>>> print(open('input_2.cif').read())   # mmCIF, C-alpha atoms and all ligand atoms
data_target
loop_
_atom_site.label_atom_id
_atom_site.label_comp_id
_atom_site.auth_asym_id
_atom_site.auth_seq_id
_atom_site.Cartn_x
_atom_site.Cartn_y
_atom_site.Cartn_z
CA MET A 26 -18.04 -54.61 38.21
CA LYS A 27 -20.14 -57.46 36.79
CA ILE A 28 -22.96 -56.60 34.42
CA LEU A 29 -25.98 -58.57 33.20
CA VAL A 30 -27.64 -57.40 29.97
CA THR A 31 -31.12 -58.75 29.18
CA GLY A 32 -32.84 -58.61 25.80
CA SER A 33 -29.40 -58.58 24.20
CA ASN A 34 -30.57 -59.80 20.78
CA GLY A 35 -32.59 -56.62 20.22
CA GLN A 36 -31.49 -53.30 18.70
CA LEU A 37 -30.25 -51.73 21.91
CA GLY A 38 -28.88 -55.01 23.27
CA ASN A 39 -26.68 -55.48 20.20
CA GLU A 40 -25.38 -51.91 20.29
CA LEU A 41 -24.75 -52.17 24.02
CA ARG A 42 -22.67 -55.29 23.47
CA ASN A 43 -20.56 -53.40 20.88
CA VAL A 44 -20.01 -50.44 23.20
CA LEU A 45 -19.47 -52.43 26.43
CA GLU A 46 -16.98 -54.84 24.89
CA LYS A 47 -14.88 -51.85 23.78
CA ALA A 48 -15.23 -49.84 27.01
CA MET A 49 -14.96 -52.65 29.58
CA PRO A 50 -14.34 -55.98 27.87
CA GLY A 51 -15.24 -59.27 29.51
CA VAL A 52 -17.32 -58.06 32.47
CA THR A 53 -20.77 -58.60 30.94
CA THR A 54 -23.10 -61.58 30.52
CA TYR A 55 -25.49 -61.14 27.59
CA THR A 56 -28.86 -62.91 27.72
CA ASP A 57 -32.07 -62.97 25.74
CA ILE A 58 -35.24 -64.99 26.26
CA ALA A 59 -33.50 -68.32 25.47
CA GLU A 60 -31.01 -67.89 28.33
CA LEU A 61 -33.20 -65.93 30.75
CA ASP A 62 -36.95 -65.51 30.29
CA LEU A 63 -37.65 -62.44 32.38
CA THR A 64 -41.30 -63.40 32.86
CA ASP A 65 -40.08 -66.34 35.01
CA ALA A 66 -39.64 -64.78 38.46
CA ALA A 67 -37.77 -67.75 39.93
CA ALA A 68 -35.33 -67.82 37.01
CA VAL A 69 -34.59 -64.10 37.37
CA ASP A 70 -34.02 -64.49 41.10
CA MET A 71 -31.71 -67.48 40.62
CA PHE A 72 -29.75 -65.75 37.84
CA LEU A 73 -29.08 -62.68 39.98
CA GLU A 74 -28.28 -64.74 43.07
CA ARG A 75 -25.75 -66.99 41.31
CA GLY A 76 -24.23 -64.35 39.05
CA GLU A 77 -23.19 -61.90 41.77
CA TYR A 78 -23.85 -59.05 39.37
CA THR A 79 -23.33 -55.42 40.35
CA HIS A 80 -25.56 -54.08 37.54
CA ILE A 81 -28.43 -55.27 35.34
CA VAL A 82 -29.32 -53.39 32.15
CA ASN A 83 -32.77 -54.36 30.93
CA CYS A 84 -32.94 -53.97 27.14
CA ALA A 85 -35.79 -56.49 26.85
CA ALA A 86 -39.26 -55.27 25.97
CA TYR A 87 -42.37 -55.90 23.94
CA THR A 88 -41.91 -53.18 21.29
CA ALA A 89 -44.57 -53.92 18.63
CA VAL A 90 -46.61 -50.77 19.31
CA ASP A 91 -49.61 -51.53 17.06
CA LYS A 92 -49.71 -55.27 17.75
CA ALA A 93 -49.76 -54.55 21.48
CA GLU A 94 -53.34 -53.24 21.18
CA SER A 95 -54.60 -56.77 20.41
CA ASP A 96 -51.83 -58.65 22.25
CA GLN A 97 -52.05 -56.93 25.62
CA THR A 98 -51.42 -60.03 27.76
CA LEU A 99 -48.01 -60.67 26.23
CA CYS A 100 -47.19 -56.96 26.12
CA TYR A 101 -47.92 -56.55 29.86
CA SER A 102 -46.09 -59.74 30.78
CA ILE A 103 -42.84 -58.40 29.24
CA ASN A 104 -43.19 -54.66 29.91
CA TYR A 105 -44.67 -54.98 33.41
CA ASP A 106 -44.42 -58.50 34.97
CA ALA A 107 -40.82 -59.00 33.80
CA VAL A 108 -39.81 -55.57 35.11
CA ARG A 109 -41.41 -56.40 38.46
CA ASN A 110 -39.41 -59.67 38.55
CA ILE A 111 -36.20 -57.74 37.88
CA ALA A 112 -37.08 -55.16 40.55
CA VAL A 113 -37.80 -57.80 43.21
CA ALA A 114 -34.62 -59.80 42.52
CA ALA A 115 -32.38 -56.73 42.10
CA SER A 116 -33.52 -55.22 45.37
CA LYS A 117 -33.07 -58.58 47.17
CA HIS A 118 -29.54 -59.11 45.81
CA GLY A 119 -28.36 -55.46 45.85
CA VAL A 120 -28.00 -55.14 42.06
CA LYS A 121 -28.16 -51.68 40.44
CA VAL A 122 -30.79 -51.50 37.67
CA VAL A 123 -30.75 -49.52 34.42
CA HIS A 124 -34.10 -49.82 32.66
CA ILE A 125 -35.34 -48.30 29.39
CA SER A 126 -38.68 -46.59 28.88
CA THR A 127 -40.32 -44.54 26.18
CA ASP A 128 -41.57 -41.14 24.98
CA TYR A 129 -44.92 -42.91 24.46
CA VAL A 130 -45.71 -42.46 28.18
CA PHE A 131 -46.77 -38.92 27.13
CA ASP A 132 -49.96 -37.98 25.29
CA GLY A 133 -48.30 -35.52 22.92
CA THR A 134 -50.30 -32.43 23.85
CA SER A 135 -47.32 -30.49 25.24
CA CYS A 136 -46.01 -27.42 23.43
CA HIS A 137 -42.50 -27.74 24.88
CA PRO A 138 -40.04 -30.67 24.99
CA TYR A 139 -41.13 -33.06 27.73
CA ARG A 140 -39.29 -32.88 31.05
CA GLU A 141 -39.06 -35.80 33.46
CA SER A 142 -41.46 -34.03 35.83
CA ASP A 143 -44.18 -33.55 33.19
CA LYS A 144 -47.46 -35.39 33.57
CA VAL A 145 -47.59 -38.78 31.87
CA ASN A 146 -50.72 -39.93 30.06
CA PRO A 147 -50.05 -42.81 27.67
CA THR A 148 -52.43 -43.19 24.74
CA SER A 149 -51.62 -46.80 23.79
CA ALA A 150 -51.38 -50.25 25.39
CA TYR A 151 -47.62 -50.19 24.77
CA GLY A 152 -47.22 -46.77 26.44
CA THR A 153 -49.40 -47.81 29.38
CA SER A 154 -47.47 -51.06 29.89
CA LYS A 155 -44.14 -49.18 29.83
CA ARG A 156 -45.43 -46.62 32.35
CA LYS A 157 -46.59 -49.43 34.66
CA GLY A 158 -43.11 -50.94 34.31
CA GLU A 159 -41.54 -47.62 35.38
CA MET A 160 -43.82 -47.40 38.41
CA VAL A 161 -43.32 -50.94 39.66
CA LEU A 162 -39.55 -50.62 39.24
CA LEU A 163 -39.36 -47.34 41.16
CA SER A 164 -41.64 -48.60 43.93
CA LEU A 165 -39.63 -51.80 44.56
CA CYS A 166 -36.22 -50.49 43.57
CA PRO A 167 -36.07 -46.71 44.19
CA GLU A 168 -32.34 -46.69 43.41
CA ALA A 169 -32.97 -47.67 39.76
CA VAL A 170 -32.07 -45.49 36.77
CA ILE A 171 -34.72 -45.27 34.04
CA LEU A 172 -33.83 -43.80 30.65
CA ARG A 173 -36.83 -42.76 28.56
CA THR A 174 -35.90 -42.74 24.89
CA ALA A 175 -37.59 -42.36 21.50
CA TRP A 176 -37.75 -43.55 17.88
CA LEU A 177 -34.83 -46.02 18.18
CA TYR A 178 -33.08 -47.41 15.12
CA SER A 179 -29.91 -49.39 14.46
CA PRO A 180 -28.44 -51.80 11.91
CA TYR A 181 -30.08 -54.65 13.88
CA GLY A 182 -33.60 -56.11 13.75
CA HIS A 183 -36.59 -54.32 12.26
CA ASN A 184 -36.91 -50.56 12.48
CA PHE A 185 -38.18 -47.51 10.59
CA VAL A 186 -34.84 -46.71 8.93
CA LYS A 187 -34.44 -50.19 7.46
CA THR A 188 -38.10 -50.27 6.35
CA MET A 189 -37.80 -46.87 4.60
CA LEU A 190 -34.58 -47.94 2.87
CA LYS A 191 -36.26 -51.09 1.56
CA LEU A 192 -39.50 -49.39 0.49
CA GLY A 193 -37.60 -46.45 -0.99
CA ARG A 194 -35.72 -48.84 -3.26
CA GLU A 195 -38.84 -50.84 -4.21
CA ARG A 196 -41.53 -48.20 -4.66
CA ALA A 197 -42.08 -45.12 -6.79
CA GLU A 198 -44.09 -43.38 -4.08
CA LEU A 199 -44.40 -43.57 -0.27
CA ARG A 200 -46.93 -41.83 1.98
CA VAL A 201 -45.43 -40.89 5.34
CA VAL A 202 -46.99 -39.13 8.35
CA CYS A 203 -45.88 -35.50 8.73
CA ASP A 204 -47.80 -34.42 11.84
CA GLN A 205 -46.11 -36.55 14.50
CA ILE A 206 -42.99 -34.84 15.81
CA GLY A 207 -40.27 -36.58 17.80
CA THR A 208 -36.57 -37.36 17.69
CA PRO A 209 -34.94 -40.30 15.89
CA THR A 210 -32.35 -41.85 18.20
CA ALA A 211 -29.49 -44.14 17.23
CA ALA A 212 -29.47 -47.12 19.60
CA LYS A 213 -25.66 -46.75 19.60
CA ASP A 214 -25.94 -43.29 21.20
CA LEU A 215 -28.26 -44.66 23.90
CA ALA A 216 -25.85 -47.57 24.48
CA GLU A 217 -23.00 -45.07 24.99
CA MET A 218 -25.17 -43.15 27.45
CA ILE A 219 -25.86 -46.33 29.41
CA VAL A 220 -22.14 -47.04 29.70
CA THR A 221 -21.61 -43.47 30.94
CA VAL A 222 -24.30 -44.01 33.59
CA ILE A 223 -22.77 -47.31 34.73
CA SER A 224 -19.22 -46.04 34.88
CA ALA A 225 -19.99 -42.63 36.46
CA ARG A 226 -18.29 -41.95 39.80
CA GLN A 227 -21.67 -41.36 41.40
CA TRP A 228 -24.86 -43.38 40.94
CA VAL A 229 -27.75 -40.90 40.64
CA PRO A 230 -31.08 -42.75 40.61
CA GLY A 231 -34.25 -41.53 38.90
CA ILE A 232 -35.89 -41.03 35.54
CA TYR A 233 -33.90 -39.32 32.75
CA HIS A 234 -34.84 -38.37 29.22
CA PHE A 235 -32.42 -39.36 26.47
CA SER A 236 -32.80 -39.04 22.70
CA ASP A 237 -30.57 -37.60 20.02
CA GLU A 238 -30.71 -33.81 19.53
CA GLY A 239 -33.20 -32.04 17.27
CA ALA A 240 -36.74 -32.87 16.22
CA CYS A 241 -38.55 -33.88 13.04
CA SER A 242 -41.60 -35.67 11.65
CA TRP A 243 -41.58 -39.24 10.28
CA TYR A 244 -41.83 -37.56 6.85
CA ASP A 245 -38.71 -35.43 7.45
CA PHE A 246 -36.95 -38.52 8.81
CA THR A 247 -37.77 -40.50 5.66
CA LYS A 248 -36.58 -37.67 3.38
CA SER A 249 -33.25 -37.60 5.24
CA ILE A 250 -32.87 -41.40 5.11
CA HIS A 251 -33.40 -41.37 1.34
CA ARG A 252 -31.20 -38.31 0.75
CA ILE A 253 -28.27 -39.69 2.73
CA ALA A 254 -28.67 -43.17 1.19
CA GLY A 255 -28.83 -41.67 -2.34
CA ILE A 256 -32.35 -42.94 -3.04
CA ASP A 257 -33.94 -40.52 -5.51
CA SER A 258 -36.36 -42.76 -7.41
CA CYS A 259 -39.08 -42.65 -4.73
CA LYS A 260 -41.42 -39.70 -4.18
CA VAL A 261 -42.16 -39.22 -0.47
CA VAL A 262 -45.63 -37.74 0.07
CA PRO A 263 -46.53 -36.11 3.42
CA VAL A 264 -49.84 -37.34 4.91
CA THR A 265 -51.59 -36.69 8.20
CA THR A 266 -52.20 -39.16 11.02
CA ASP A 267 -55.90 -39.12 10.02
CA ASP A 268 -54.91 -40.25 6.50
CA TYR A 269 -52.83 -43.11 7.91
CA PRO A 270 -54.77 -44.73 10.79
CA THR A 271 -52.93 -47.25 12.97
CA ALA A 272 -54.15 -49.55 15.76
CA ALA A 273 -52.25 -47.61 18.45
CA VAL A 274 -52.74 -43.89 19.04
CA ARG A 275 -49.32 -42.23 19.03
CA PRO A 276 -48.44 -38.85 20.58
CA ALA A 277 -48.45 -36.00 18.05
CA TYR A 278 -45.47 -34.45 19.81
CA SER A 279 -42.99 -36.41 21.92
CA VAL A 280 -39.74 -34.44 21.85
CA LEU A 281 -37.82 -35.03 25.09
CA ASP A 282 -36.00 -32.35 27.11
CA LYS A 283 -32.55 -33.77 27.85
CA SER A 284 -31.26 -31.01 30.16
CA LEU A 285 -31.24 -33.22 33.26
CA ILE A 286 -29.13 -36.04 31.82
CA LYS A 287 -26.73 -33.59 30.15
CA ARG A 288 -26.29 -31.68 33.41
CA THR A 289 -25.96 -34.78 35.60
CA TYR A 290 -23.44 -36.64 33.44
CA GLY A 291 -21.79 -33.77 31.54
CA VAL A 292 -22.54 -35.35 28.16
CA GLU A 293 -22.99 -33.83 24.73
CA ILE A 294 -25.55 -35.54 22.50
CA PRO A 295 -25.24 -35.75 18.69
CA HIS A 296 -27.89 -34.35 16.35
CA TRP A 297 -30.14 -37.06 14.93
CA GLU A 298 -29.07 -36.42 11.32
CA GLU A 299 -25.40 -36.82 12.19
CA SER A 300 -26.07 -40.16 13.91
CA LEU A 301 -28.34 -41.27 11.06
CA ALA A 302 -25.55 -40.72 8.52
CA GLU A 303 -23.17 -42.77 10.66
CA CYS A 304 -25.69 -45.58 11.14
CA LEU A 305 -26.50 -45.75 7.41
CA THR A 306 -22.87 -46.55 6.61
CA ARG A 307 -23.06 -49.43 9.09
CA ILE A 308 -26.39 -50.73 7.76
CA VAL A 309 -24.75 -51.12 4.36
CA ASP A 310 -21.79 -52.93 5.99
CA ILE A 311 -23.96 -55.30 8.05
CA ASP A 312 -26.69 -56.09 5.48
N1 LIG B 1 -37.76 -49.34 19.31
C1 LIG B 1 -38.13 -48.08 19.60
O1 LIG B 1 -38.42 -47.26 18.72
C2 LIG B 1 -38.18 -47.62 21.04
C3 LIG B 1 -38.61 -46.32 21.32
C4 LIG B 1 -38.64 -45.89 22.66
C5 LIG B 1 -38.25 -46.75 23.67
N2 LIG B 1 -37.84 -48.03 23.35
C6 LIG B 1 -37.45 -48.93 24.44
O2 LIG B 1 -36.06 -49.20 24.28
C7 LIG B 1 -35.78 -50.51 24.75
C8 LIG B 1 -35.01 -51.30 23.70
O3 LIG B 1 -35.82 -51.39 22.53
P1 LIG B 1 -35.35 -52.21 21.24
O4 LIG B 1 -35.89 -51.49 20.05
O5 LIG B 1 -33.90 -52.51 21.34
O6 LIG B 1 -36.19 -53.55 21.46
P2 LIG B 1 -36.17 -54.88 20.55
O7 LIG B 1 -35.25 -54.71 19.40
O8 LIG B 1 -37.59 -55.24 20.32
O9 LIG B 1 -35.49 -55.94 21.55
C9 LIG B 1 -36.12 -56.44 22.68
C10 LIG B 1 -35.52 -57.80 22.99
O10 LIG B 1 -36.17 -58.32 24.18
C11 LIG B 1 -36.39 -59.70 23.95
N3 LIG B 1 -37.42 -60.25 24.83
C12 LIG B 1 -38.77 -60.29 24.63
N4 LIG B 1 -39.37 -60.94 25.64
C13 LIG B 1 -38.41 -61.32 26.50
C14 LIG B 1 -38.41 -62.05 27.73
N5 LIG B 1 -39.55 -62.54 28.26
N6 LIG B 1 -37.23 -62.29 28.35
C15 LIG B 1 -36.07 -61.83 27.82
N7 LIG B 1 -36.00 -61.14 26.65
C16 LIG B 1 -37.16 -60.89 26.00
C17 LIG B 1 -36.82 -59.72 22.49
O11 LIG B 1 -36.83 -61.04 21.97
P3 LIG B 1 -37.84 -61.36 20.73
O12 LIG B 1 -37.42 -60.49 19.60
O13 LIG B 1 -37.62 -62.83 20.52
O14 LIG B 1 -39.23 -61.03 21.24
C18 LIG B 1 -35.74 -58.83 21.87
O15 LIG B 1 -34.56 -59.54 21.60
C19 LIG B 1 -37.12 -51.12 25.15
O16 LIG B 1 -37.31 -50.95 26.55
C20 LIG B 1 -38.13 -50.28 24.41
O17 LIG B 1 -39.39 -50.25 25.05
C21 LIG B 1 -37.79 -48.48 22.06
#
>>> encode(input="input_2.cif", output="structure tokens", more="lines below")
Ligand SMILES: NC(=O)c1ccc[n+]([C@@H]2O[C@H](COP(=O)([O-])OP(=O)(O)OC[C@H]3O[C@@H](n4cnc5c(N)ncnc54)[C@H](OP(=O)(O)O)[C@@H]3O)[C@@H](O)[C@H]2O)c1
Amino acid sequence: MKILVTGSNGQLGNELRNVLEKAMPGVTTYTDIAELDLTDAAAVDMFLERGEYTHIVNCAAYTAVDKAESDQTLCYSINYDAVRNIAVAASKHGVKVVHISTDYVFDGTSCHPYRESDKVNPTSAYGTSKRKGEMVLLSLCPEAVILRTAWLYSPYGHNFVKTMLKLGRERAELRVVCDQIGTPTAAKDLAEMIVTVISARQWVPGIYHFSDEGACSWYDFTKSIHRIAGIDSCKVVPVTTDDYPTAAVRPAYSVLDKSLIKRTYGVEIPHWEESLAECLTRIVDID
């Protein structure tokens, strides 16, 4: 087995490196834009041809959800063009693809956790670009595995957990949206799932939903972050999406149904609060 990880300086890329180097040390090449710019089709083709990889895990993406609304060209070039380049080269060189997508392909009007077969209807440029990435990958590379995930955080880069820790320590009061429901997901848990997919006896292509267990609002999430981190000097005030307008329209409800991935791979998934507590100990260690 020879694995290529792209976007390896991001949250998921860093966690995947930690997990892969423990589970199967020395078989993976880690790249980010400096080593392999995925928007360069010729470079992607050459990399896969020379590397003789068995698997590529694409952790690269344009993930600035609000900025994407006014930066659509760059967003599409990374979330669509780059994915097309990977799909073309992977299918030509017989490389298995694991790609990551998002709960933001849904519009949030469901009243049950979203299944893989549910109708997509993204409400933002980011969500639309990720859906187009899914479609081009599956059309050129039908053997690919796509994992749709949600609300990722980790000790690396910028994310909601680190922002709420910082603001919680600096401010006396924080207003946080309480009417968007989803599931916080530790990037480490997704990284472990990816390694399970790669090392499974059977390769089962298709789209799978993966997040941590449970559901909450951004407000609930913030309260838990502060409680576990021992921050009690900041009052967290629940507000509605209408009170806190953002450039991108986010789904009001984007909880994912994980039955398919649990059944296919026989995995148990931790509850988001359990993984949050574990991650917070590491954020203190790394910062
Ligand atoms: N973050 C979330 O809450 C969330 C939620 C649902 C799904 N997801 C999906 O989960 C995956 C991982 O997200 P993440 O939070 O780990 O992302 P991230 O931290 O933003 O990392 C993405 C990485 O890709 C790199 N990159 C950008 N353009 C590239 C290019 N042309 N060629 C190669 N690398 C490039 C970025 O470099 P720069 O930093 O220099 O741009 C960055 O290192 C993505 O597919 C994302 O859409 C994320």
>>> residues_around(input="input_2.cif", residues="range 124-133 of chain A", least_positions_apart="5", cutoff="9 Å", atoms="all atoms listed in the file", output="PyMOL selection string")
chain A and resi 81-86+108+139+143-149+151-156+158-159+162+169-176+205-207+234+275-281
>>> residues_around(input="input_2.cif", residues="Ala114 in chain A", least_positions_apart="6", cutoff="8 Å", atoms="all atoms listed in the file", output="PDB file with C-alpha atoms, in the frame of the given file")
ATOM      1  CA  VAL A  69     -34.590 -64.100  37.370  1.00  0.00           C
ATOM      2  CA  ASP A  70     -34.020 -64.490  41.100  1.00  0.00           C
ATOM      3  CA  LEU A  73     -29.080 -62.680  39.980  1.00  0.00           C
TER       4      LEU A  73
END
>>> closest_residue(input="input_2.cif", among="A:Lys187, A:Val229, A:Glu217, A:Cys203", to="Pro167 in chain A", atoms="all atoms listed in the file")
A:Val229
>>> closest_residue(input="input_2.cif", among="A:Gly255, A:Gly32, A:Gly239, A:Gly38", to="Ile58 in chain A", atoms="all atoms listed in the file")
A:Gly32
>>> residues_near_point(input="input_2.cif", point="(-22.3, -57.8, 20.7)", cutoff="12 Å", atoms="all atoms listed in the file", output="PyMOL selection string")
chain A and resi 30+32-47+50-51+53-56+181+213+216
>>> write_last_selection(input="input_2.cif", atoms="C-alpha atoms", output="PDB file, in the coordinates of the input")
ATOM      1  CA  VAL A  30     -27.640 -57.400  29.970  1.00  0.00           C
ATOM      2  CA  GLY A  32     -32.840 -58.610  25.800  1.00  0.00           C
ATOM      3  CA  SER A  33     -29.400 -58.580  24.200  1.00  0.00           C
ATOM      4  CA  ASN A  34     -30.570 -59.800  20.780  1.00  0.00           C
ATOM      5  CA  GLY A  35     -32.590 -56.620  20.220  1.00  0.00           C
ATOM      6  CA  GLN A  36     -31.490 -53.300  18.700  1.00  0.00           C
ATOM      7  CA  LEU A  37     -30.250 -51.730  21.910  1.00  0.00           C
ATOM      8  CA  GLY A  38     -28.880 -55.010  23.270  1.00  0.00           C
ATOM      9  CA  ASN A  39     -26.680 -55.480  20.200  1.00  0.00           C
ATOM     10  CA  GLU A  40     -25.380 -51.910  20.290  1.00  0.00           C
ATOM     11  CA  LEU A  41     -24.750 -52.170  24.020  1.00  0.00           C
ATOM     12  CA  ARG A  42     -22.670 -55.290  23.470  1.00  0.00           C
ATOM     13  CA  ASN A  43     -20.560 -53.400  20.880  1.00  0.00           C
ATOM     14  CA  VAL A  44     -20.010 -50.440  23.200  1.00  0.00           C
ATOM     15  CA  LEU A  45     -19.470 -52.430  26.430  1.00  0.00           C
ATOM     16  CA  GLU A  46     -16.980 -54.840  24.890  1.00  0.00           C
ATOM     17  CA  LYS A  47     -14.880 -51.850  23.780  1.00  0.00           C
ATOM     18  CA  PRO A  50     -14.340 -55.980  27.870  1.00  0.00           C
ATOM     19  CA  GLY A  51     -15.240 -59.270  29.510  1.00  0.00           C
ATOM     20  CA  THR A  53     -20.770 -58.600  30.940  1.00  0.00           C
ATOM     21  CA  THR A  54     -23.100 -61.580  30.520  1.00  0.00           C
ATOM     22  CA  TYR A  55     -25.490 -61.140  27.590  1.00  0.00           C
ATOM     23  CA  THR A  56     -28.860 -62.910  27.720  1.00  0.00           C
ATOM     24  CA  TYR A 181     -30.080 -54.650  13.880  1.00  0.00           C
ATOM     25  CA  LYS A 213     -25.660 -46.750  19.600  1.00  0.00           C
ATOM     26  CA  ALA A 216     -25.850 -47.570  24.480  1.00  0.00           C
TER      27      ALA A 216
END
>>> residues_around(input="input_2.cif", residues="range 241-244 of chain A", least_positions_apart="5", cutoff="9 Å", atoms="all atoms listed in the file", output="list in words")
Phe185, Arg200, Val201, Val202, Cys203, Asp204, Gln205, Ile206, Gly207, Thr208, Pro209, Ser249, Val261, Val262, Pro263, Val264 and Val280 of chain A
>>> atom_distance(input="input_2.cif", atom1="atom O2 of ligand LIG 1 (chain B)", atom2="CA of Cys136 in chain A")
24.0 Å
>>> closest_residue(input="input_2.cif", among="A:Met160, A:Leu190, A:Val274, A:Met71", to="Asp106 in chain A", atoms="all atoms listed in the file")
A:Met160
>>> closest_residue(input="input_2.cif", among="A:Pro138, A:Gly182, A:Pro230, A:Gly193", to="ligand LIG 1 (chain B)", atoms="all atoms listed in the file")
A:Gly182
>>> atom_distance(input="input_2.cif", atom1="CA of Lys117 in chain A", atom2="CA of Tyr233 in chain A")
24.1 Å
>>> closest_residue(input="input_2.cif", among="A:Ile286, A:Ile219, A:Ala212, A:Val161", to="Cys304 in chain A", atoms="all atoms listed in the file")
A:Ala212
>>> closest_residue(input="input_2.cif", among="A:Ile253, A:Tyr105, A:Glu74, A:Glu238", to="Thr306 in chain A", atoms="only C-alpha atoms")
A:Ile253
